[in-house]
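The file model_3.txt contains compact mmCIF, C-alpha atoms:
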```txt
# COMPACT_ATOMS: atom_id res chain seq x y z
CA MET A 119 -161.02 24.04 22.19
CA LYS A 120 -160.40 21.80 25.15
CA GLN A 121 -158.91 19.01 23.03
CA GLU A 122 -156.90 21.27 20.80
CA ASP A 123 -155.10 23.32 23.46
CA SER A 124 -155.01 20.60 26.12
CA THR A 125 -151.22 20.22 25.79
CA ILE A 126 -150.65 23.92 26.48
CA LEU A 127 -153.32 23.94 29.18
CA THR A 128 -151.92 21.00 31.13
CA LYS A 129 -148.33 22.22 30.90
CA TYR A 130 -148.78 25.96 31.39
CA GLY A 131 -152.25 26.50 32.89
CA LYS A 132 -154.13 29.79 32.63
CA ASP A 133 -151.96 31.88 34.92
CA SER A 134 -150.06 34.20 32.61
CA GLY A 135 -147.72 35.45 35.37
CA PHE A 136 -149.02 39.02 35.06
CA LYS A 137 -149.81 40.77 38.35
CA VAL A 138 -151.42 44.06 39.37
CA PRO A 139 -150.80 46.28 42.41
CA GLU A 140 -152.97 45.61 45.45
CA ASN A 141 -156.51 47.08 45.26
CA TYR A 142 -155.71 48.18 41.73
CA PHE A 143 -159.22 47.62 40.36
CA ASP A 144 -161.03 49.33 43.26
CA ASP A 145 -158.71 52.33 42.98
CA PHE A 146 -159.01 52.41 39.21
CA ASN A 147 -162.83 52.30 39.30
CA LYS A 148 -162.99 55.24 41.73
CA ARG A 149 -160.37 57.25 39.84
CA MET A 150 -162.02 56.58 36.49
CA ALA A 151 -165.52 57.52 37.71
CA ASP A 152 -164.14 60.82 39.09
CA MET A 153 -162.38 61.79 35.89
CA LEU A 154 -165.41 61.42 33.59
CA PRO A 155 -166.14 64.74 31.87
CA ASP A 156 -169.71 66.01 31.51
CA VAL A 157 -171.43 64.83 28.34
CA GLU A 158 -174.71 65.76 26.73
CA ILE A 159 -177.07 62.82 26.39
CA THR A 160 -179.76 62.91 23.73
CA PRO A 161 -182.86 61.31 25.26
CA VAL A 162 -184.09 58.29 23.37
CA ASP A 163 -187.60 58.93 22.05
CA THR A 164 -189.51 55.96 23.40
CA LYS A 165 -193.01 57.30 22.45
CA PRO A 166 -194.00 55.73 19.12
CA SER A 167 -195.10 58.04 16.29
CA LEU A 168 -198.64 57.93 14.80
CA TRP A 169 -197.40 55.98 11.77
CA GLN A 170 -195.63 53.43 14.03
CA ARG A 171 -198.89 52.93 15.94
CA VAL A 172 -201.19 52.54 12.91
CA ARG A 173 -198.68 50.66 10.76
CA PRO A 174 -199.73 47.14 11.88
CA LEU A 175 -203.41 47.96 11.21
CA VAL A 176 -202.60 49.34 7.75
CA TYR A 177 -200.52 46.27 6.89
CA MET A 178 -203.31 43.96 8.06
CA ALA A 179 -205.95 45.87 6.05
CA ALA A 180 -203.72 45.73 2.97
CA MET A 181 -203.25 42.00 3.43
CA PHE A 182 -207.01 41.38 3.67
CA ALA A 183 -207.63 43.59 0.64
CA GLY A 184 -205.05 41.60 -1.31
CA VAL A 185 -206.62 38.28 -0.33
CA TRP A 186 -210.10 39.57 -1.28
CA CYS A 187 -208.83 40.78 -4.67
CA MET A 188 -207.17 37.46 -5.39
CA LEU A 189 -210.27 35.49 -4.44
CA SER A 190 -212.55 37.64 -6.61
CA VAL A 191 -210.16 37.38 -9.59
CA PHE A 192 -209.89 33.61 -9.23
CA SER A 193 -213.66 33.13 -8.88
CA HIS A 194 -214.27 35.32 -11.97
CA PHE A 195 -211.91 33.23 -14.04
CA THR A 196 -213.39 29.98 -12.74
CA ASP A 197 -217.04 30.99 -13.50
CA SER A 198 -216.43 32.48 -16.95
CA GLY A 199 -214.16 29.57 -17.73
CA ASN A 200 -216.91 27.08 -17.03
CA ALA A 201 -219.45 29.09 -18.98
CA LEU A 202 -217.06 29.38 -21.89
CA ARG A 203 -216.29 25.72 -21.86
CA ILE A 204 -219.98 24.63 -21.80
CA SER A 205 -220.99 26.92 -24.70
CA GLU A 206 -217.90 25.89 -26.67
CA VAL A 207 -218.68 22.23 -26.21
CA ALA A 208 -222.33 22.73 -27.17
CA GLU A 209 -221.32 24.64 -30.30
CA LYS A 210 -218.74 22.08 -31.22
CA LEU A 211 -221.23 19.27 -30.80
CA GLN A 212 -223.61 21.15 -33.06
CA ASP A 213 -220.89 21.62 -35.69
CA ASP A 214 -219.62 18.11 -35.46
CA LYS A 215 -223.09 16.53 -35.78
CA SER A 216 -222.90 16.46 -39.60
CA ASN A 217 -219.42 15.02 -39.48
CA VAL A 218 -220.61 12.38 -37.08
CA ASP A 219 -223.53 11.51 -39.42
CA ASP A 220 -221.15 11.41 -42.38
CA PHE A 221 -218.85 9.15 -40.47
CA ILE A 222 -221.68 6.77 -39.56
CA MET A 223 -223.03 6.81 -43.16
CA SER A 224 -219.60 6.25 -44.74
CA GLY A 225 -219.63 2.69 -43.42
CA SER A 226 -222.70 1.74 -45.48
CA VAL A 227 -221.64 3.43 -48.77
CA SER A 228 -219.79 1.19 -51.24
CA ASP A 229 -217.53 2.18 -54.18
CA TYR A 230 -220.28 1.09 -56.60
CA ASP A 231 -222.73 3.54 -54.95
CA ILE A 232 -220.18 6.32 -55.28
CA LEU A 233 -219.64 5.61 -58.99
CA ASN A 234 -223.41 5.52 -59.55
CA TYR A 235 -223.72 8.84 -57.71
CA GLU A 236 -221.00 10.41 -59.88
CA ASP A 237 -222.66 9.13 -63.09
CA SER A 238 -226.03 10.48 -62.08
CA VAL A 239 -224.50 13.86 -61.29
CA MET A 240 -222.74 13.94 -64.64
CA MET A 241 -225.95 12.98 -66.49
CA SER A 242 -228.02 15.61 -64.77
CA ASN A 243 -225.33 18.20 -65.60
CA GLU A 244 -225.44 17.20 -69.29
CA GLU A 245 -229.25 17.42 -69.31
CA ASP A 246 -229.07 20.89 -67.81
CA PHE A 247 -226.56 21.88 -70.49
CA THR A 248 -228.78 20.63 -73.44
CA ASN A 249 -231.83 22.36 -71.97
CA ASP A 250 -229.84 25.58 -71.75
CA GLN A 251 -228.76 25.20 -75.42
CA GLN A 252 -232.35 24.81 -76.59
CA MET B 252 -167.18 46.98 52.83
CA ALA B 253 -170.55 47.68 51.20
CA ALA B 254 -172.07 44.85 49.17
CA ARG B 255 -171.91 45.53 45.42
CA GLU B 256 -175.21 46.14 43.64
CA LYS B 257 -176.26 43.40 41.22
CA TYR B 258 -175.39 44.37 37.65
CA ASP B 259 -178.40 44.42 35.31
CA GLU B 260 -177.21 45.26 31.79
CA ALA B 261 -180.65 46.16 30.35
CA GLN B 262 -181.31 48.53 33.25
CA VAL B 263 -177.82 50.05 33.01
CA VAL B 264 -178.20 50.65 29.24
CA GLU B 265 -181.53 52.39 29.89
CA GLN B 266 -179.94 54.56 32.61
CA LEU B 267 -177.05 55.43 30.27
CA HIS B 268 -179.53 57.24 28.00
CA ASN B 269 -180.92 59.39 30.76
CA GLN B 270 -179.00 62.59 31.55
CA ALA B 271 -179.78 62.32 35.27
CA THR B 272 -178.58 58.73 35.69
CA CYS B 273 -175.97 58.26 32.97
CA LYS B 274 -172.88 59.06 35.04
CA ALA B 275 -173.81 56.72 37.88
CA ALA B 276 -174.71 54.02 35.32
CA PHE B 277 -171.35 54.38 33.61
CA GLY B 278 -169.72 54.00 37.04
CA LYS B 279 -171.43 50.58 37.22
CA VAL B 280 -170.14 49.75 33.72
CA ILE B 281 -166.58 50.60 34.80
CA GLU B 282 -166.93 48.47 37.93
CA HIS B 283 -168.31 45.53 35.94
CA TYR B 284 -165.96 45.57 32.96
CA SER B 285 -162.67 47.06 34.22
CA SER B 286 -161.12 43.75 35.22
CA GLN B 287 -161.95 41.73 32.07
CA LEU B 288 -160.99 44.59 29.75
CA TYR B 289 -157.77 45.21 31.71
CA TRP B 290 -156.59 41.60 31.26
CA GLN B 291 -157.38 41.61 27.55
CA ILE B 292 -155.46 44.89 27.14
CA ARG B 293 -152.60 43.70 29.37
CA ARG B 294 -152.07 40.57 27.29
CA MET B 295 -151.83 42.79 24.20
CA VAL B 296 -149.57 45.58 25.54
CA ILE B 297 -147.82 43.45 28.23
CA ASP B 298 -146.70 46.30 30.52
CA HIS B 299 -148.97 47.16 33.48
CA ASP B 300 -148.58 50.95 33.24
CA ASP B 301 -149.34 50.84 29.52
CA ALA B 302 -152.37 48.62 30.18
CA ASN B 303 -153.57 51.11 32.79
CA ASP B 304 -153.30 54.00 30.28
CA VAL B 305 -155.04 52.05 27.53
CA LEU B 306 -157.86 50.97 29.86
CA GLN B 307 -158.35 54.60 30.91
CA ASN B 308 -158.48 55.69 27.26
CA THR B 309 -160.94 52.90 26.50
CA PHE B 310 -163.42 54.03 29.14
CA LEU B 311 -162.96 57.72 28.23
CA LYS B 312 -163.63 56.94 24.57
CA ALA B 313 -166.69 54.86 25.47
CA TRP B 314 -168.00 57.61 27.76
CA THR B 315 -167.56 60.43 25.24
CA ASN B 316 -169.30 58.29 22.58
CA ILE B 317 -172.00 56.91 24.84
CA ASP B 318 -174.65 58.84 22.92
CA ASN B 319 -173.78 56.76 19.84
CA PHE B 320 -174.36 53.50 21.67
CA ARG B 321 -178.00 52.62 20.98
CA GLY B 322 -177.98 49.13 22.43
CA ASP B 323 -178.08 47.39 19.02
CA ALA B 324 -175.00 45.35 20.04
CA LYS B 325 -174.08 44.09 23.48
CA LEU B 326 -172.30 46.61 25.68
CA SER B 327 -169.46 44.13 26.27
CA THR B 328 -168.97 43.71 22.49
CA TRP B 329 -168.81 47.47 22.02
CA LEU B 330 -166.34 47.92 24.90
CA TYR B 331 -164.12 45.05 23.73
CA LYS B 332 -164.04 46.58 20.24
CA ILE B 333 -162.86 49.91 21.65
CA ALA B 334 -160.32 48.21 23.95
CA ILE B 335 -158.83 46.13 21.13
CA ASN B 336 -158.59 49.12 18.77
CA GLU B 337 -156.97 51.21 21.51
CA SER B 338 -154.49 48.40 22.31
CA ILE B 339 -153.45 47.94 18.67
CA THR B 340 -153.10 51.71 18.15
CA PHE B 341 -151.04 52.00 21.35
CA VAL B 342 -148.66 49.12 20.47
CA ASN B 343 -148.10 50.49 16.95
CA LYS B 344 -147.44 54.02 18.30
CA LYS B 345 -145.00 52.68 20.86
CA LYS B 346 -143.17 50.64 18.22
CA VAL B 347 -142.82 53.77 16.08
CA MET B 348 -141.49 55.67 19.13
CA ASN B 349 -138.94 52.89 19.71
CA GLN B 350 -138.05 52.98 16.01
CA LEU B 351 -139.18 49.41 15.43
CA SER B 352 -140.95 48.03 12.40
CA ILE B 353 -144.75 47.67 12.73
CA ASP B 354 -144.30 43.94 11.95
CA ASP B 355 -141.61 43.48 14.61
CA ASP B 356 -144.01 42.32 17.33
CA GLU B 357 -141.92 39.60 18.91
CA SER B 358 -138.84 41.55 20.02
CA PHE B 359 -140.99 44.50 21.14
CA LEU B 360 -143.32 42.39 23.28
CA VAL B 361 -140.46 40.33 24.75
CA ASN B 362 -138.67 43.56 25.74
CA GLN B 363 -141.89 44.80 27.32
CA LEU B 364 -142.24 41.55 29.26
CA GLU B 365 -138.68 41.59 30.57
CA SER B 366 -138.90 45.19 31.73
CA ASP B 367 -142.32 44.88 33.40
CA GLU B 368 -142.05 44.95 37.19
CA TRP B 369 -145.58 43.49 37.45
CA PHE B 370 -144.66 40.25 35.76
CA ASP B 371 -143.41 37.51 38.04
CA GLY B 372 -143.99 34.43 35.94
CA ASP B 373 -141.64 31.44 36.03
CA GLN B 374 -139.60 30.27 33.03
CA ALA B 375 -142.52 28.24 31.65
CA GLN B 376 -144.82 31.28 31.75
CA ILE B 377 -142.12 33.46 30.15
CA ASN B 378 -141.76 30.87 27.37
CA LEU B 379 -145.52 30.76 26.79
CA GLN B 380 -145.72 34.57 26.59
CA LYS B 381 -142.77 34.60 24.20
CA ALA B 382 -144.50 31.95 22.07
CA ILE B 383 -147.69 34.06 22.02
CA ALA B 384 -145.59 37.10 21.05
CA THR B 385 -144.38 35.29 17.91
CA LEU B 386 -147.95 35.10 16.58
CA PRO B 387 -149.33 37.61 14.08
CA GLU B 388 -151.52 40.28 15.70
CA LYS B 389 -154.89 38.72 14.74
CA GLN B 390 -153.89 35.21 15.85
CA ARG B 391 -152.54 36.61 19.14
CA LEU B 392 -155.85 38.36 19.75
CA VAL B 393 -157.91 35.27 18.95
CA PHE B 394 -155.68 33.05 21.09
CA ASN B 395 -155.87 35.39 24.09
CA LEU B 396 -159.65 35.80 23.85
CA ARG B 397 -160.21 32.06 23.52
CA TYR B 398 -157.53 30.60 25.77
CA TYR B 399 -157.64 33.04 28.68
CA ASP B 400 -161.14 34.57 28.48
CA GLU B 401 -162.83 31.44 27.05
CA MET B 402 -164.85 33.70 24.80
CA LYS B 403 -167.32 32.07 22.39
CA TYR B 404 -166.46 32.28 18.69
CA GLU B 405 -169.86 33.89 18.06
CA GLU B 406 -169.06 36.84 20.34
CA MET B 407 -165.50 37.02 19.04
CA SER B 408 -166.91 37.20 15.52
CA GLU B 409 -169.00 40.24 16.46
CA ILE B 410 -166.04 41.99 18.10
CA LEU B 411 -163.46 41.30 15.39
CA GLY B 412 -165.82 41.34 12.39
CA THR B 413 -164.48 37.98 11.15
CA SER B 414 -166.41 34.79 10.39
CA GLU B 415 -166.51 32.04 13.02
CA GLY B 416 -164.83 29.62 10.60
CA ALA B 417 -161.90 31.99 10.06
CA LEU B 418 -161.56 32.50 13.83
CA LYS B 419 -161.50 28.74 14.45
CA ALA B 420 -158.79 28.39 11.80
CA SER B 421 -156.83 31.27 13.37
CA TYR B 422 -157.03 29.64 16.78
CA HIS B 423 -155.96 26.26 15.37
CA HIS B 424 -152.92 27.82 13.64
CA ALA B 425 -152.04 29.77 16.80
CA VAL B 426 -152.09 26.63 18.95
CA LYS B 427 -149.92 24.75 16.44
CA LYS B 428 -147.38 27.59 16.25
CA ILE B 429 -147.21 27.90 20.05
CA GLU B 430 -146.74 24.13 20.46
CA GLN B 431 -144.01 24.18 17.83
CA TYR B 432 -142.24 27.14 19.48
CA LEU B 433 -142.45 25.56 22.93
CA GLY B 434 -141.24 22.22 21.53
CA GLU B 435 -138.18 23.90 20.06
CA THR B 436 -137.32 25.89 23.21
CA GLU B 437 -137.65 22.95 25.60
```

What would the structure in this file look like if it were written as structure tokens?
Amino acid sequence: MKQEDSTILTKYGKDSGFKVPENYFDDFNKRMADMLPDVEITPVDTKPSLWQRVRPLVYMAAMFAGVWCMLSVFSHFTDSGNALRISEVAEKLQDDKSNVDDFIMSGSVSDYDILNYEDSVMMSNEEDFTNDQQ
Amino acid sequence: MAAREKYDEAQVVEQLHNQATCKAAFGKVIEHYSSQLYWQIRRMVIDHDDANDVLQNTFLKAWTNIDNFRGDAKLSTWLYKIAINESITFVNKKKVMNQLSIDDDESFLVNQLESDEWFDGDQAQINLQKAIATLPEKQRLVFNLRYYDEMKYEEMSEILGTSEGALKASYHHAVKKIEQYLGETE
């Protein structure tokens, strides 16, 4: 403000040139106080109600209850989650055992062995068929 | 002359809500605020007698509505609001009585200034008042509150219900217009 209106301030100052009669404010204050009509004042109720008094306690109890609920929900999920994961892993290991064995065995089986295996299966099937015919 | 009692706003507001003490408390409010409200009103309506009437109406209105004042805002903010509304209403009514347009502020205020026996400013002060009279109502209000009363924009914002940014812009425009007017008249 000071910078912006400095030109006006230095040239014209703050005296607006307006005047008031002598003792105007003292007279006005007395006159004004005397002319005030009677009014009805509603007293402000400063005594807090029961709800206003117990409200902080209720809010605090609700907050603690909320925290307790959250903790119990989280701990439930964490425990059952672990249990679930351990059993799942054990089951999976059990299931995958055969695959693991197959995988290890596949390294030592050659194409010749596979063809031999297929021939032997075919021959045993044919034998079964001739036996059934007889 | 008896020494004036120290004004404690919180205590006065409390006393205002007690039937037994409210009248005496309002007397303290009048004593404390009459001068600052008078000068704000005077700069809006210009004439001393008009300012006296508007100030009286301001305090009467505040007193009859004192039950509605719950101390949520500052007492000074509430009183300034009433004073400004009363001033604007008074100026508009007077312009209608003088058969002037509501927007014709300048000629009305200059006439008021020239006919006021309680104005004894020199030519420079007359020019400044004429320059202020050329401003739109809101800018005139903002300029008077800031320049003469050195009111903070924050408080002004509460009284006028306008953002601080808009008030700063209003004040800036007002200063520029006044400087331009004074530059042309010199």

Pull out every residue of chain A that has at least one atom within 12 Å of chain B, counting all atoms listed in the file, and report them as a PyMOL selection string.
chain A and resi 119-164

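Taking atom CA of B:Glu406 and atom CA of B:Tyr258 as endpoints, the distance between them is 19.9 Å.
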
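Between atom CA of B:Ala313 and atom CA of B:Glu337 lies a distance of 11.1 Å.
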
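The coordinates place atom CA of B:Ala382 at 17.0 Å from atom CA of B:Gln291.
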
Which residues, written as a PyMOL selection string, have at least one atom at most 9 Å from B:Arg391, with all atoms listed in the file counted and residues fewer than 4 positions away on the same chain left out?
chain B and resi 295+383-387+395-396+421-422+425

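When only C-alpha atoms are used to compute distances to B:Tyr331, the closest of the residues B:Leu360, B:Val263, B:Ile410, B:Ala417 turns out to be B:Ile410.
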
Considering only C-alpha atoms, give me a table of residues in stretch 271-306 of chain B that are at most 8 Å from stretch 338-341 of chain B, with the closest atom pair and distance in Å for each, as a Markdown table.
```
| residue | atom | partner | partner_atom | distance |
| --- | --- | --- | --- | --- |
| B:Ile292 | CA | B:Ser338 | CA | 6.0 |
| B:Met295 | CA | B:Ser338 | CA | 6.5 |
| B:Val296 | CA | B:Ser338 | CA | 6.5 |
| B:Val305 | CA | B:Ser338 | CA | 6.4 |
```

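Nearest to B:Phe394 of all the residues B:Lys332, B:Lys257, B:Lys381, B:His424 is B:His424, counting only C-alpha atoms.
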
Since fewer atoms than expected are present, regenerate N, CA and C atoms for stretch 393-413 of chain B and write them as a PDB file, keeping the file's coordinate frame.
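Dumped everything to selection-v6.pdb:
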```
ATOM      1  N   VAL B 393    -156.973  36.408  18.900  1.00  0.00           N
ATOM      2  CA  VAL B 393    -157.910  35.270  18.950  1.00  0.00           C
ATOM      3  C   VAL B 393    -157.475  34.282  20.026  1.00  0.00           C
ATOM      4  N   PHE B 394    -156.174  33.996  20.079  1.00  0.00           N
ATOM      5  CA  PHE B 394    -155.680  33.050  21.090  1.00  0.00           C
ATOM      6  C   PHE B 394    -155.953  33.564  22.505  1.00  0.00           C
ATOM      7  N   ASN B 395    -155.654  34.820  22.744  1.00  0.00           N
ATOM      8  CA  ASN B 395    -155.870  35.390  24.090  1.00  0.00           C
ATOM      9  C   ASN B 395    -157.345  35.371  24.495  1.00  0.00           C
ATOM     10  N   LEU B 396    -158.204  35.760  23.547  1.00  0.00           N
ATOM     11  CA  LEU B 396    -159.650  35.800  23.850  1.00  0.00           C
ATOM     12  C   LEU B 396    -160.198  34.402  24.127  1.00  0.00           C
ATOM     13  N   ARG B 397    -159.690  33.424  23.383  1.00  0.00           N
ATOM     14  CA  ARG B 397    -160.210  32.060  23.520  1.00  0.00           C
ATOM     15  C   ARG B 397    -159.563  31.317  24.698  1.00  0.00           C
ATOM     16  N   TYR B 398    -158.260  31.389  24.770  1.00  0.00           N
ATOM     17  CA  TYR B 398    -157.530  30.600  25.770  1.00  0.00           C
ATOM     18  C   TYR B 398    -157.735  31.166  27.185  1.00  0.00           C
ATOM     19  N   TYR B 399    -157.558  32.456  27.340  1.00  0.00           N
ATOM     20  CA  TYR B 399    -157.640  33.040  28.680  1.00  0.00           C
ATOM     21  C   TYR B 399    -159.066  33.447  29.070  1.00  0.00           C
ATOM     22  N   ASP B 400    -159.786  34.087  28.146  1.00  0.00           N
ATOM     23  CA  ASP B 400    -161.140  34.570  28.480  1.00  0.00           C
ATOM     24  C   ASP B 400    -162.232  33.544  28.177  1.00  0.00           C
ATOM     25  N   GLU B 401    -161.877  32.486  27.479  1.00  0.00           N
ATOM     26  CA  GLU B 401    -162.830  31.440  27.050  1.00  0.00           C
ATOM     27  C   GLU B 401    -164.045  32.049  26.343  1.00  0.00           C
ATOM     28  N   MET B 402    -163.763  33.028  25.517  1.00  0.00           N
ATOM     29  CA  MET B 402    -164.850  33.700  24.800  1.00  0.00           C
ATOM     30  C   MET B 402    -165.383  32.818  23.673  1.00  0.00           C
ATOM     31  N   LYS B 403    -166.703  32.863  23.466  1.00  0.00           N
ATOM     32  CA  LYS B 403    -167.320  32.070  22.390  1.00  0.00           C
ATOM     33  C   LYS B 403    -166.939  32.674  21.042  1.00  0.00           C
ATOM     34  N   TYR B 404    -166.818  31.787  20.028  1.00  0.00           N
ATOM     35  CA  TYR B 404    -166.460  32.280  18.690  1.00  0.00           C
ATOM     36  C   TYR B 404    -167.506  33.259  18.157  1.00  0.00           C
ATOM     37  N   GLU B 405    -168.764  33.030  18.524  1.00  0.00           N
ATOM     38  CA  GLU B 405    -169.860  33.890  18.060  1.00  0.00           C
ATOM     39  C   GLU B 405    -169.637  35.335  18.517  1.00  0.00           C
ATOM     40  N   GLU B 406    -169.289  35.489  19.800  1.00  0.00           N
ATOM     41  CA  GLU B 406    -169.060  36.840  20.340  1.00  0.00           C
ATOM     42  C   GLU B 406    -167.781  37.448  19.750  1.00  0.00           C
ATOM     43  N   MET B 407    -166.753  36.567  19.618  1.00  0.00           N
ATOM     44  CA  MET B 407    -165.500  37.020  19.040  1.00  0.00           C
ATOM     45  C   MET B 407    -165.714  37.541  17.617  1.00  0.00           C
ATOM     46  N   SER B 408    -166.602  36.841  16.899  1.00  0.00           N
ATOM     47  CA  SER B 408    -166.910  37.200  15.520  1.00  0.00           C
ATOM     48  C   SER B 408    -167.522  38.608  15.449  1.00  0.00           C
ATOM     49  N   GLU B 409    -168.378  38.909  16.418  1.00  0.00           N
ATOM     50  CA  GLU B 409    -169.000  40.240  16.460  1.00  0.00           C
ATOM     51  C   GLU B 409    -167.969  41.322  16.783  1.00  0.00           C
ATOM     52  N   ILE B 410    -167.044  41.000  17.684  1.00  0.00           N
ATOM     53  CA  ILE B 410    -166.040  41.990  18.100  1.00  0.00           C
ATOM     54  C   ILE B 410    -165.034  42.248  16.974  1.00  0.00           C
ATOM     55  N   LEU B 411    -164.542  41.159  16.370  1.00  0.00           N
ATOM     56  CA  LEU B 411    -163.460  41.300  15.390  1.00  0.00           C
ATOM     57  C   LEU B 411    -163.955  41.431  13.949  1.00  0.00           C
ATOM     58  N   GLY B 412    -165.257  41.216  13.745  1.00  0.00           N
ATOM     59  CA  GLY B 412    -165.820  41.340  12.390  1.00  0.00           C
ATOM     60  C   GLY B 412    -165.275  40.291  11.440  1.00  0.00           C
ATOM     61  N   THR B 413    -165.003  39.084  11.964  1.00  0.00           N
ATOM     62  CA  THR B 413    -164.480  37.980  11.150  1.00  0.00           C
ATOM     63  C   THR B 413    -165.421  36.789  11.326  1.00  0.00           C
TER      64      THR B 413
END
```
